[in-house]
Amino acid sequence: FNEYGIFIYIGADISIKSNNISKNNRGIEIYIGENNIVNNNNIIENGRGISLFQSCSIFEKNNLIGNGKNAGLGFDTRDDYWNGNYWDDWIGIKFKFPIFRLFPMIKYFPLCGFIIDWNPAREPYDIDL
């Protein structure tokens, strides 16, 4: 296992597209990011598929399969947009998939406990690489 498949410490307007990201401690980690687009990736068998801390990014049509935890959200990720990702741990109830935060409550800054993938995919995508 490597520590990271893709790590962005500070980055804006970055496109992460059409990758196989597997067998890392963290598949993708964005520490501070803005206007990034993460789409059409296979994020498979990582300790954590996607880790975010301060991010304002778009996540669409990714396959999250076999990760210890598919996604973990940190302090300031309320402006991230998740839509149409395949989650192997989604059980298909209702139409939305909640993504829970790593730190759901901080003493002085209460945060929402989760954000939503608005249209989770029912089947994995066939991603051509």
# chains A, B, ... in the order shown; residues from 1 in each chain; ligands from 1
>>> residues_around(residues="stretch 2-19 of chain A", least_positions_apart="2", cutoff="12 Å", atoms="only C-alpha atoms", output="PyMOL selection string")
chain A and resi 21-63+125-129
>>> select_by_dssp(residues="stretch 40-89 of chain A", states="strand (DSSP E or B)", output="PyMOL selection string")
chain A and resi 42-44+48-60+63-65+69-76+81-83+86-87
